[in-house]
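S.K.: Encoded as structure tokens, here's the structure I'll be asking about.
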Amino acid sequence: MNDSDNKNHLRCFYGHGIPRVKLEELAGKLIVVEGADGSGRSTQIARLVDWLETGGHPTVQVGLKRSTLVSKELEQAQKGNILSRTTLSLFYATDFADQLENIILPALKAGFIVLADRYIYTLMARDMVRGVDEAWLKNLYGIAVKPDAVFYLSVQAQELVQRNLSKNATLDYWESGMDLGLSRDMFDSFVKYQTAMQAAFRKLQKTYCFTIIDGNRPVSSITKELRKKIRGVLAEK
């Protein structure tokens with residue numbers, strides 16, 4: 001979402017939404033930080049939480065696989081590496097819908113700042129790379145409330161490899177796209193998959209108009225840019 005979009009932001013759903021939700025009552029702010037594993041996404045959110053709460057703004061955090069309804073089942077299912085693309089998609093959609101209804105919307109109604117460690121865009125990009133129909137995905141996530149700001153931390157695929165290896169000493173099966181058969185070599189598959197994910201995000205950016213942040217820079221530089229942009233979001237009535 002660019003600055004002009006922020007100035008004209010009106011609370012709305014992306015599609016059919018959720019019945020009986022009064023959008024005018026959602027007085028809080030929804031701020032999303034997107035990016036691949038190793039992009040620095042979680043680090044930036046932790047810094048934003050400290051900054052916002054020190055400034056007197058109460059926050060709530062949400063993210064992928066945090067639903068009390070299906071997160072454990074999804075985690076367990078992924079360990080087997082046998083999920084079909086549709087099952088995987090619906091698992092994540094259920095996880096998102098549960099958090100939307102029981103955490104995000106109530107927090108916005110209470111006036112909190114909701115910080116989302118990824119949102120529907122990662123879910124859509126993952127599915128698009130796996131060949132899921134984009135129109136079907138837009139309908140599936142039509143329940144999503146439009147955020148006040150979305151920031152995508154873009155990091156080169158080769159850099160992501162190094163960051164993930166230094167942090168975990170290995171690469172994740174799903175984040176490497178091993179289920180797609182891109183390559184038998186996990187490192188090669190990771191680069192190909194993350195490159196495809198970045199292309200999917202660029203395509204989504206044209207539709208959803210989020211801000212792309214250069215995530216290859218020092219952590220402090222990214223934090224400074226995010227704070228500047230979020231100050232503008234907080235100033236909106």
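Labels for the structure tokens follow display order: chains A, B, ..., residues from 1 in each chain, ligands from 1.
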Near Ala116 in chain A, counting only C-alpha atoms, which residues have an atom at most 12 Å away, once you skip same-chain residues fewer than 4 positions from it, shown as a PyMOL selection string?

M.R.: chain A and resi 29-35+41-42+44-46+48-49+59-66+96+99-100+103-104+120-122+147-152

S.K.: Could you name the residues that touch Met124 in chain A at 9 Å or less, counting only C-alpha atoms, but leaving out those on the same chain fewer than 2 positions away, as JSON, numbers by chain?

M.R.: {"A": [89, 120, 121, 122, 126, 127, 128, 129, 132, 134, 137, 138, 141, 200, 201, 204]}

S.K.: Please produce a file of those selected residues containing N, CA and C atoms, as a compact mmCIF listing (two decimals), in the first residue's frame.

M.R.:
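To be explicit, this is the file written out as selection.txt:
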# COMPACT_ATOMS: atom_id res chain seq x y z
N SER A 89 -3.58 -25.61 1.40
CA SER A 89 -4.22 -24.31 1.25
C SER A 89 -5.37 -24.12 2.23
N ILE A 120 -2.59 -12.73 4.38
CA ILE A 120 -3.09 -13.56 3.28
C ILE A 120 -2.17 -13.59 2.08
N TYR A 121 -1.27 -12.61 1.96
CA TYR A 121 -0.44 -12.49 0.76
C TYR A 121 0.56 -13.65 0.64
N THR A 122 1.17 -14.02 1.75
CA THR A 122 2.07 -15.19 1.75
C THR A 122 1.29 -16.44 1.38
N ARG A 126 2.11 -18.59 -1.99
CA ARG A 126 2.46 -20.01 -1.90
C ARG A 126 1.56 -20.86 -2.79
N ASP A 127 0.27 -20.57 -2.73
CA ASP A 127 -0.69 -21.34 -3.52
C ASP A 127 -0.53 -21.07 -5.02
N MET A 128 -0.28 -19.82 -5.37
CA MET A 128 -0.11 -19.47 -6.78
C MET A 128 1.10 -20.19 -7.38
N VAL A 129 2.18 -20.25 -6.62
CA VAL A 129 3.39 -20.96 -7.08
C VAL A 129 3.09 -22.45 -7.28
N VAL A 132 -2.43 -23.09 -7.86
CA VAL A 132 -3.82 -22.89 -7.45
C VAL A 132 -4.39 -21.67 -8.17
N GLU A 134 -5.90 -18.29 -9.10
CA GLU A 134 -5.86 -17.01 -8.38
C GLU A 134 -7.26 -16.49 -8.06
N LEU A 137 -8.52 -18.21 -5.05
CA LEU A 137 -7.85 -17.70 -3.86
C LEU A 137 -8.44 -16.37 -3.41
N LYS A 138 -8.72 -15.49 -4.37
CA LYS A 138 -9.31 -14.20 -4.02
C LYS A 138 -10.66 -14.37 -3.36
N TYR A 141 -10.10 -15.83 0.28
CA TYR A 141 -9.65 -14.82 1.24
C TYR A 141 -10.45 -13.52 1.15
N ALA A 200 5.64 -14.02 -7.52
CA ALA A 200 4.23 -14.04 -7.13
C ALA A 200 3.89 -12.81 -6.30
N PHE A 201 4.79 -12.40 -5.42
CA PHE A 201 4.56 -11.21 -4.61
C PHE A 201 4.51 -9.95 -5.48
N LEU A 204 1.14 -9.89 -6.94
CA LEU A 204 0.13 -9.51 -5.95
C LEU A 204 0.24 -8.03 -5.59

S.K.: Of the residues A:Gly131, A:Arg47, A:Leu140, A:Ser71, which is the one nearest to Phe91 in chain A, using only C-alpha atoms?

M.R.: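 Smallest separation from Phe91 in chain A among the options: A:Ser71.
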
S.K.: With a distance cut-off of 6 Å and only C-alpha atoms, select the neighbouring residues of range 153-168 of chain A, excluding the residue or stretch itself and same-chain residues fewer than 4 positions from it, and output the selection as number ranges by chain.

M.R.: A: 35, 38-39, 191, 194, 213-216

S.K.: Quick one: DSSP strand (DSSP E or B) residues in range 68-116 of chain A, as a list in words?

M.R.: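 Filtering range 68-116 of chain A to strand (DSSP E or B) leaves Ile113, Val114, Leu115 and Ala116 of chain A.
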
S.K.: Could you tell me how far CA of Ser220 in chain A sits from CA of Asp117 in chain A, in Å to one decimal place?

M.R.: 18.4 Å

S.K.: Work out how far apart CA of Ser176 in chain A and CA of Glu75 in chain A are and give it in Å to one decimal.

M.R.: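 Between these atoms lies a distance of 16.4 Å.
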
S.K.: Taking the backbone alone, and naming residues the way the document does, which bits of range 1-233 of chain A are helix (DSSP H, G or I) by DSSP, as a short mmCIF file (atom, residue, chain, number, x, y, z; two decimals) with N, CA and C atoms, in the first residue's frame?

M.R.:
data_model
loop_
_atom_site.label_atom_id
_atom_site.label_comp_id
_atom_site.auth_asym_id
_atom_site.auth_seq_id
_atom_site.Cartn_x
_atom_site.Cartn_y
_atom_site.Cartn_z
N ASP A 3 1.72 5.55 -0.04
CA ASP A 3 1.29 6.64 0.83
C ASP A 3 -0.05 7.23 0.42
N SER A 4 -0.31 7.33 -0.88
CA SER A 4 -1.58 7.89 -1.33
C SER A 4 -2.73 6.98 -0.95
N ASP A 5 -2.47 5.66 -0.98
CA ASP A 5 -3.52 4.73 -0.57
C ASP A 5 -3.82 4.89 0.90
N ASN A 6 -2.76 5.14 1.73
CA ASN A 6 -2.96 5.31 3.16
C ASN A 6 -3.86 6.50 3.45
N LYS A 7 -3.66 7.58 2.73
CA LYS A 7 -4.42 8.80 2.98
C LYS A 7 -5.90 8.61 2.67
N LEU A 23 -17.87 -2.58 10.22
CA LEU A 23 -16.54 -2.08 9.90
C LEU A 23 -16.23 -0.74 10.57
N GLU A 24 -17.26 0.08 10.73
CA GLU A 24 -17.04 1.40 11.33
C GLU A 24 -16.63 1.30 12.80
N GLU A 25 -16.83 0.13 13.41
CA GLU A 25 -16.46 -0.06 14.81
C GLU A 25 -15.01 -0.52 14.98
N ARG A 41 11.72 -10.40 9.04
CA ARG A 41 10.33 -10.03 9.33
C ARG A 41 10.01 -10.06 10.83
N SER A 42 10.30 -11.17 11.47
CA SER A 42 9.98 -11.32 12.89
C SER A 42 10.79 -10.37 13.76
N THR A 43 12.04 -10.13 13.37
CA THR A 43 12.89 -9.18 14.10
C THR A 43 12.29 -7.79 14.05
N GLN A 44 11.83 -7.38 12.87
CA GLN A 44 11.24 -6.05 12.72
C GLN A 44 9.94 -5.92 13.50
N ILE A 45 9.13 -6.97 13.53
CA ILE A 45 7.88 -6.91 14.28
C ILE A 45 8.16 -6.79 15.77
N ALA A 46 9.14 -7.53 16.28
CA ALA A 46 9.50 -7.44 17.69
C ALA A 46 9.94 -6.02 18.03
N ARG A 47 10.70 -5.41 17.14
CA ARG A 47 11.14 -4.03 17.36
C ARG A 47 9.97 -3.05 17.32
N LEU A 48 9.03 -3.30 16.40
CA LEU A 48 7.85 -2.43 16.31
C LEU A 48 6.98 -2.54 17.55
N VAL A 49 6.84 -3.75 18.07
CA VAL A 49 6.05 -3.95 19.29
C VAL A 49 6.64 -3.12 20.44
N ASP A 50 7.95 -3.22 20.63
CA ASP A 50 8.61 -2.46 21.71
C ASP A 50 8.42 -0.97 21.51
N TRP A 51 8.61 -0.52 20.28
CA TRP A 51 8.49 0.91 19.97
C TRP A 51 7.06 1.42 20.19
N LEU A 52 6.10 0.68 19.69
CA LEU A 52 4.70 1.10 19.79
C LEU A 52 4.21 1.08 21.24
N GLU A 53 4.52 0.02 21.95
CA GLU A 53 4.04 -0.08 23.33
C GLU A 53 4.73 0.92 24.25
N THR A 54 6.00 1.21 23.97
CA THR A 54 6.69 2.26 24.73
C THR A 54 6.04 3.61 24.49
N SER A 71 -3.62 -25.08 14.50
CA SER A 71 -2.17 -24.90 14.36
C SER A 71 -1.38 -26.17 14.66
N LYS A 72 -1.77 -26.88 15.71
CA LYS A 72 -1.05 -28.11 16.07
C LYS A 72 -1.24 -29.19 15.00
N GLU A 73 -2.46 -29.29 14.49
CA GLU A 73 -2.76 -30.28 13.45
C GLU A 73 -2.00 -29.97 12.16
N LEU A 74 -1.92 -28.67 11.82
CA LEU A 74 -1.20 -28.25 10.62
C LEU A 74 0.28 -28.54 10.76
N GLU A 75 0.82 -28.23 11.92
CA GLU A 75 2.24 -28.49 12.16
C GLU A 75 2.55 -29.98 12.04
N GLN A 76 1.68 -30.80 12.61
CA GLN A 76 1.87 -32.24 12.56
C GLN A 76 1.75 -32.78 11.13
N ALA A 77 0.78 -32.26 10.39
CA ALA A 77 0.55 -32.72 9.02
C ALA A 77 1.73 -32.36 8.12
N GLN A 78 2.33 -31.20 8.34
CA GLN A 78 3.46 -30.77 7.52
C GLN A 78 4.71 -31.63 7.74
N LYS A 79 4.83 -32.19 8.92
CA LYS A 79 6.01 -33.02 9.22
C LYS A 79 6.07 -34.25 8.33
N ARG A 85 -1.74 -29.91 -2.38
CA ARG A 85 -1.76 -28.44 -2.42
C ARG A 85 -3.09 -27.88 -1.92
N THR A 86 -4.20 -28.57 -2.22
CA THR A 86 -5.51 -28.08 -1.77
C THR A 86 -5.67 -28.23 -0.27
N THR A 87 -5.24 -29.36 0.27
CA THR A 87 -5.33 -29.58 1.72
C THR A 87 -4.48 -28.57 2.45
N LEU A 88 -3.27 -28.34 1.96
CA LEU A 88 -2.37 -27.35 2.57
C LEU A 88 -3.00 -25.97 2.54
N SER A 89 -3.58 -25.61 1.40
CA SER A 89 -4.22 -24.31 1.25
C SER A 89 -5.37 -24.12 2.23
N LEU A 90 -6.22 -25.12 2.34
CA LEU A 90 -7.39 -25.01 3.22
C LEU A 90 -7.00 -25.05 4.69
N PHE A 91 -5.93 -25.77 5.02
CA PHE A 91 -5.42 -25.78 6.39
C PHE A 91 -5.04 -24.35 6.80
N TYR A 92 -4.24 -23.69 5.95
CA TYR A 92 -3.79 -22.34 6.25
C TYR A 92 -4.95 -21.34 6.24
N ALA A 93 -5.90 -21.54 5.35
CA ALA A 93 -7.07 -20.65 5.29
C ALA A 93 -7.89 -20.76 6.57
N THR A 94 -8.02 -21.98 7.10
CA THR A 94 -8.74 -22.19 8.36
C THR A 94 -8.00 -21.52 9.52
N ASP A 95 -6.68 -21.67 9.53
CA ASP A 95 -5.84 -21.04 10.54
C ASP A 95 -6.04 -19.53 10.52
N PHE A 96 -6.04 -18.95 9.31
CA PHE A 96 -6.22 -17.51 9.18
C PHE A 96 -7.62 -17.07 9.61
N ALA A 97 -8.65 -17.79 9.15
CA ALA A 97 -10.03 -17.41 9.46
C ALA A 97 -10.29 -17.42 10.96
N ASP A 98 -9.74 -18.41 11.66
CA ASP A 98 -9.93 -18.50 13.11
C ASP A 98 -9.29 -17.30 13.81
N GLN A 99 -8.09 -16.93 13.40
CA GLN A 99 -7.42 -15.77 14.01
C GLN A 99 -8.13 -14.47 13.65
N LEU A 100 -8.63 -14.38 12.43
CA LEU A 100 -9.34 -13.18 12.01
C LEU A 100 -10.57 -12.94 12.89
N GLU A 101 -11.36 -13.99 13.06
CA GLU A 101 -12.61 -13.86 13.80
C GLU A 101 -12.40 -13.69 15.30
N ASN A 102 -11.41 -14.40 15.85
CA ASN A 102 -11.27 -14.44 17.30
C ASN A 102 -10.17 -13.56 17.88
N ILE A 103 -9.28 -13.04 17.02
CA ILE A 103 -8.20 -12.18 17.52
C ILE A 103 -8.17 -10.84 16.81
N ILE A 104 -8.06 -10.88 15.48
CA ILE A 104 -7.86 -9.63 14.73
C ILE A 104 -9.04 -8.68 14.85
N LEU A 105 -10.23 -9.14 14.52
CA LEU A 105 -11.41 -8.26 14.55
C LEU A 105 -11.72 -7.76 15.96
N PRO A 106 -11.72 -8.62 16.99
CA PRO A 106 -11.96 -8.11 18.34
C PRO A 106 -10.90 -7.08 18.78
N ALA A 107 -9.64 -7.31 18.42
CA ALA A 107 -8.58 -6.38 18.80
C ALA A 107 -8.76 -5.03 18.10
N LEU A 108 -9.13 -5.06 16.81
CA LEU A 108 -9.37 -3.81 16.09
C LEU A 108 -10.55 -3.06 16.69
N LYS A 109 -11.56 -3.80 17.08
CA LYS A 109 -12.74 -3.18 17.69
C LYS A 109 -12.38 -2.52 19.02
N ILE A 120 -2.59 -12.73 4.38
CA ILE A 120 -3.09 -13.56 3.28
C ILE A 120 -2.17 -13.59 2.08
N TYR A 121 -1.27 -12.61 1.96
CA TYR A 121 -0.44 -12.49 0.76
C TYR A 121 0.56 -13.65 0.64
N THR A 122 1.17 -14.02 1.75
CA THR A 122 2.07 -15.19 1.75
C THR A 122 1.29 -16.44 1.38
N LEU A 123 0.10 -16.58 1.94
CA LEU A 123 -0.71 -17.76 1.67
C LEU A 123 -1.09 -17.83 0.20
N MET A 124 -1.47 -16.69 -0.36
CA MET A 124 -1.85 -16.65 -1.77
C MET A 124 -0.64 -16.91 -2.66
N ALA A 125 0.50 -16.31 -2.34
CA ALA A 125 1.71 -16.49 -3.15
C ALA A 125 2.13 -17.96 -3.15
N ARG A 126 2.11 -18.59 -1.99
CA ARG A 126 2.46 -20.01 -1.90
C ARG A 126 1.56 -20.86 -2.79
N ASP A 127 0.27 -20.57 -2.73
CA ASP A 127 -0.69 -21.34 -3.52
C ASP A 127 -0.53 -21.07 -5.02
N MET A 128 -0.28 -19.82 -5.37
CA MET A 128 -0.11 -19.47 -6.78
C MET A 128 1.10 -20.19 -7.38
N VAL A 129 2.18 -20.25 -6.62
CA VAL A 129 3.39 -20.96 -7.08
C VAL A 129 3.09 -22.45 -7.28
N GLU A 134 -5.90 -18.29 -9.10
CA GLU A 134 -5.86 -17.01 -8.38
C GLU A 134 -7.26 -16.49 -8.06
N ALA A 135 -8.21 -16.68 -8.96
CA ALA A 135 -9.59 -16.23 -8.71
C ALA A 135 -10.19 -16.99 -7.53
N TRP A 136 -9.91 -18.29 -7.46
CA TRP A 136 -10.38 -19.10 -6.34
C TRP A 136 -9.79 -18.59 -5.02
N LEU A 137 -8.52 -18.21 -5.05
CA LEU A 137 -7.85 -17.70 -3.86
C LEU A 137 -8.44 -16.37 -3.41
N LYS A 138 -8.72 -15.49 -4.37
CA LYS A 138 -9.31 -14.20 -4.02
C LYS A 138 -10.66 -14.37 -3.36
N ASN A 139 -11.42 -15.34 -3.82
CA ASN A 139 -12.71 -15.63 -3.20
C ASN A 139 -12.53 -16.24 -1.81
N LEU A 140 -11.56 -17.16 -1.69
CA LEU A 140 -11.29 -17.81 -0.41
C LEU A 140 -10.92 -16.79 0.65
N ALA A 157 17.18 -14.27 -3.02
CA ALA A 157 17.08 -15.69 -2.67
C ALA A 157 18.40 -16.25 -2.14
N GLN A 158 19.52 -15.88 -2.75
CA GLN A 158 20.82 -16.38 -2.29
C GLN A 158 21.13 -15.91 -0.88
N GLU A 159 20.74 -14.68 -0.58
CA GLU A 159 20.94 -14.15 0.78
C GLU A 159 20.06 -14.89 1.78
N LEU A 160 18.84 -15.24 1.36
CA LEU A 160 17.94 -15.99 2.24
C LEU A 160 18.53 -17.35 2.60
N VAL A 161 19.20 -17.99 1.64
CA VAL A 161 19.85 -19.27 1.91
C VAL A 161 20.85 -19.12 3.06
N GLN A 162 21.71 -18.13 2.95
CA GLN A 162 22.75 -17.92 3.96
C GLN A 162 22.15 -17.60 5.33
N ARG A 163 21.12 -16.77 5.34
CA ARG A 163 20.50 -16.40 6.61
C ARG A 163 19.83 -17.60 7.29
N ASN A 164 19.14 -18.42 6.50
CA ASN A 164 18.46 -19.58 7.07
C ASN A 164 19.46 -20.62 7.57
N LEU A 165 20.53 -20.82 6.84
CA LEU A 165 21.55 -21.79 7.25
C LEU A 165 22.27 -21.32 8.51
N SER A 166 22.54 -20.03 8.61
CA SER A 166 23.23 -19.51 9.79
C SER A 166 22.34 -19.58 11.03
N LYS A 167 21.03 -19.49 10.81
CA LYS A 167 20.09 -19.52 11.93
C LYS A 167 19.70 -20.94 12.33
N ASN A 168 19.42 -21.79 11.34
CA ASN A 168 18.89 -23.13 11.64
C ASN A 168 19.80 -24.28 11.22
N MET A 178 10.20 -28.20 -1.87
CA MET A 178 10.59 -29.55 -2.24
C MET A 178 9.41 -30.38 -2.73
N ASP A 179 8.20 -30.01 -2.31
CA ASP A 179 7.01 -30.72 -2.76
C ASP A 179 6.70 -30.49 -4.24
N LEU A 180 7.35 -29.49 -4.83
CA LEU A 180 7.08 -29.13 -6.23
C LEU A 180 7.99 -29.86 -7.21
N MET A 186 18.17 -29.64 -2.28
CA MET A 186 17.36 -28.72 -1.50
C MET A 186 17.82 -27.28 -1.65
N PHE A 187 19.12 -27.05 -1.75
CA PHE A 187 19.62 -25.69 -1.89
C PHE A 187 19.17 -25.08 -3.21
N ASP A 188 19.29 -25.83 -4.27
CA ASP A 188 18.87 -25.37 -5.59
C ASP A 188 17.36 -25.15 -5.62
N SER A 189 16.62 -26.09 -5.01
CA SER A 189 15.16 -25.97 -4.96
C SER A 189 14.75 -24.74 -4.17
N PHE A 190 15.46 -24.45 -3.07
CA PHE A 190 15.14 -23.28 -2.24
C PHE A 190 15.26 -22.00 -3.06
N VAL A 191 16.36 -21.87 -3.79
CA VAL A 191 16.57 -20.66 -4.59
C VAL A 191 15.50 -20.52 -5.67
N LYS A 192 15.18 -21.61 -6.35
CA LYS A 192 14.17 -21.58 -7.39
C LYS A 192 12.79 -21.24 -6.81
N TYR A 193 12.48 -21.86 -5.67
CA TYR A 193 11.16 -21.63 -5.05
C TYR A 193 11.03 -20.19 -4.56
N GLN A 194 12.05 -19.70 -3.86
CA GLN A 194 11.98 -18.34 -3.34
C GLN A 194 11.97 -17.31 -4.46
N THR A 195 12.63 -17.60 -5.57
CA THR A 195 12.58 -16.71 -6.73
C THR A 195 11.16 -16.67 -7.31
N ALA A 196 10.52 -17.84 -7.35
CA ALA A 196 9.13 -17.92 -7.82
C ALA A 196 8.19 -17.20 -6.86
N MET A 197 8.46 -17.30 -5.55
CA MET A 197 7.64 -16.60 -4.56
C MET A 197 7.76 -15.09 -4.73
N GLN A 198 8.95 -14.61 -4.99
CA GLN A 198 9.15 -13.17 -5.18
C GLN A 198 8.40 -12.67 -6.41
N ALA A 199 8.36 -13.50 -7.45
CA ALA A 199 7.61 -13.14 -8.65
C ALA A 199 6.11 -13.09 -8.34
N ALA A 200 5.64 -14.02 -7.52
CA ALA A 200 4.23 -14.04 -7.13
C ALA A 200 3.89 -12.81 -6.30
N PHE A 201 4.79 -12.40 -5.42
CA PHE A 201 4.56 -11.21 -4.61
C PHE A 201 4.51 -9.95 -5.48
N ARG A 202 5.37 -9.89 -6.47
CA ARG A 202 5.34 -8.72 -7.37
C ARG A 202 4.01 -8.65 -8.12
N LYS A 203 3.48 -9.81 -8.47
CA LYS A 203 2.18 -9.85 -9.14
C LYS A 203 1.07 -9.41 -8.18
N LEU A 204 1.14 -9.89 -6.94
CA LEU A 204 0.13 -9.51 -5.95
C LEU A 204 0.24 -8.03 -5.59
N GLN A 205 1.44 -7.49 -5.63
CA GLN A 205 1.63 -6.09 -5.28
C GLN A 205 0.86 -5.18 -6.23
N LYS A 206 0.74 -5.60 -7.49
CA LYS A 206 0.00 -4.80 -8.47
C LYS A 206 -1.49 -4.75 -8.14
N THR A 207 -1.98 -5.81 -7.49
CA THR A 207 -3.40 -5.87 -7.11
C THR A 207 -3.66 -5.22 -5.75
N TYR A 208 -2.78 -5.51 -4.79
CA TYR A 208 -3.03 -5.10 -3.41
C TYR A 208 -2.22 -3.88 -2.97
N VAL A 219 19.57 -4.01 9.64
CA VAL A 219 18.32 -4.08 10.41
C VAL A 219 17.87 -2.69 10.85
N SER A 220 18.79 -1.88 11.35
CA SER A 220 18.44 -0.55 11.86
C SER A 220 17.88 0.36 10.77
N SER A 221 18.38 0.23 9.56
CA SER A 221 17.88 1.06 8.45
C SER A 221 16.45 0.70 8.09
N ILE A 222 16.14 -0.59 8.12
CA ILE A 222 14.79 -1.05 7.82
C ILE A 222 13.83 -0.60 8.93
N THR A 223 14.28 -0.72 10.18
CA THR A 223 13.47 -0.28 11.31
C THR A 223 13.12 1.19 11.20
N LYS A 224 14.10 2.00 10.85
CA LYS A 224 13.89 3.44 10.72
C LYS A 224 12.84 3.75 9.66
N GLU A 225 12.93 3.05 8.51
CA GLU A 225 11.97 3.27 7.43
C GLU A 225 10.57 2.84 7.84
N LEU A 226 10.45 1.69 8.49
CA LEU A 226 9.14 1.20 8.93
C LEU A 226 8.50 2.15 9.94
N ARG A 227 9.28 2.63 10.88
CA ARG A 227 8.74 3.56 11.88
C ARG A 227 8.22 4.84 11.23
N LYS A 228 8.97 5.34 10.28
CA LYS A 228 8.55 6.57 9.59
C LYS A 228 7.21 6.37 8.89
N LYS A 229 7.08 5.25 8.20
CA LYS A 229 5.84 4.98 7.47
C LYS A 229 4.68 4.72 8.43
N ILE A 230 4.95 4.04 9.52
CA ILE A 230 3.88 3.71 10.47
C ILE A 230 3.42 4.95 11.24
N ARG A 231 4.31 5.88 11.46
CA ARG A 231 3.89 7.14 12.08
C ARG A 231 2.78 7.79 11.24
N GLY A 232 2.94 7.72 9.94
CA GLY A 232 1.91 8.27 9.05
C GLY A 232 0.59 7.53 9.17
N VAL A 233 0.67 6.21 9.33
CA VAL A 233 -0.54 5.39 9.49
C VAL A 233 -1.26 5.76 10.80
#

S.K.: For CA of Trp174 in chain A and CA of Gly15 in chain A, determine how far apart the two atoms are, in Å to one decimal place.

M.R.: 28.4 Å
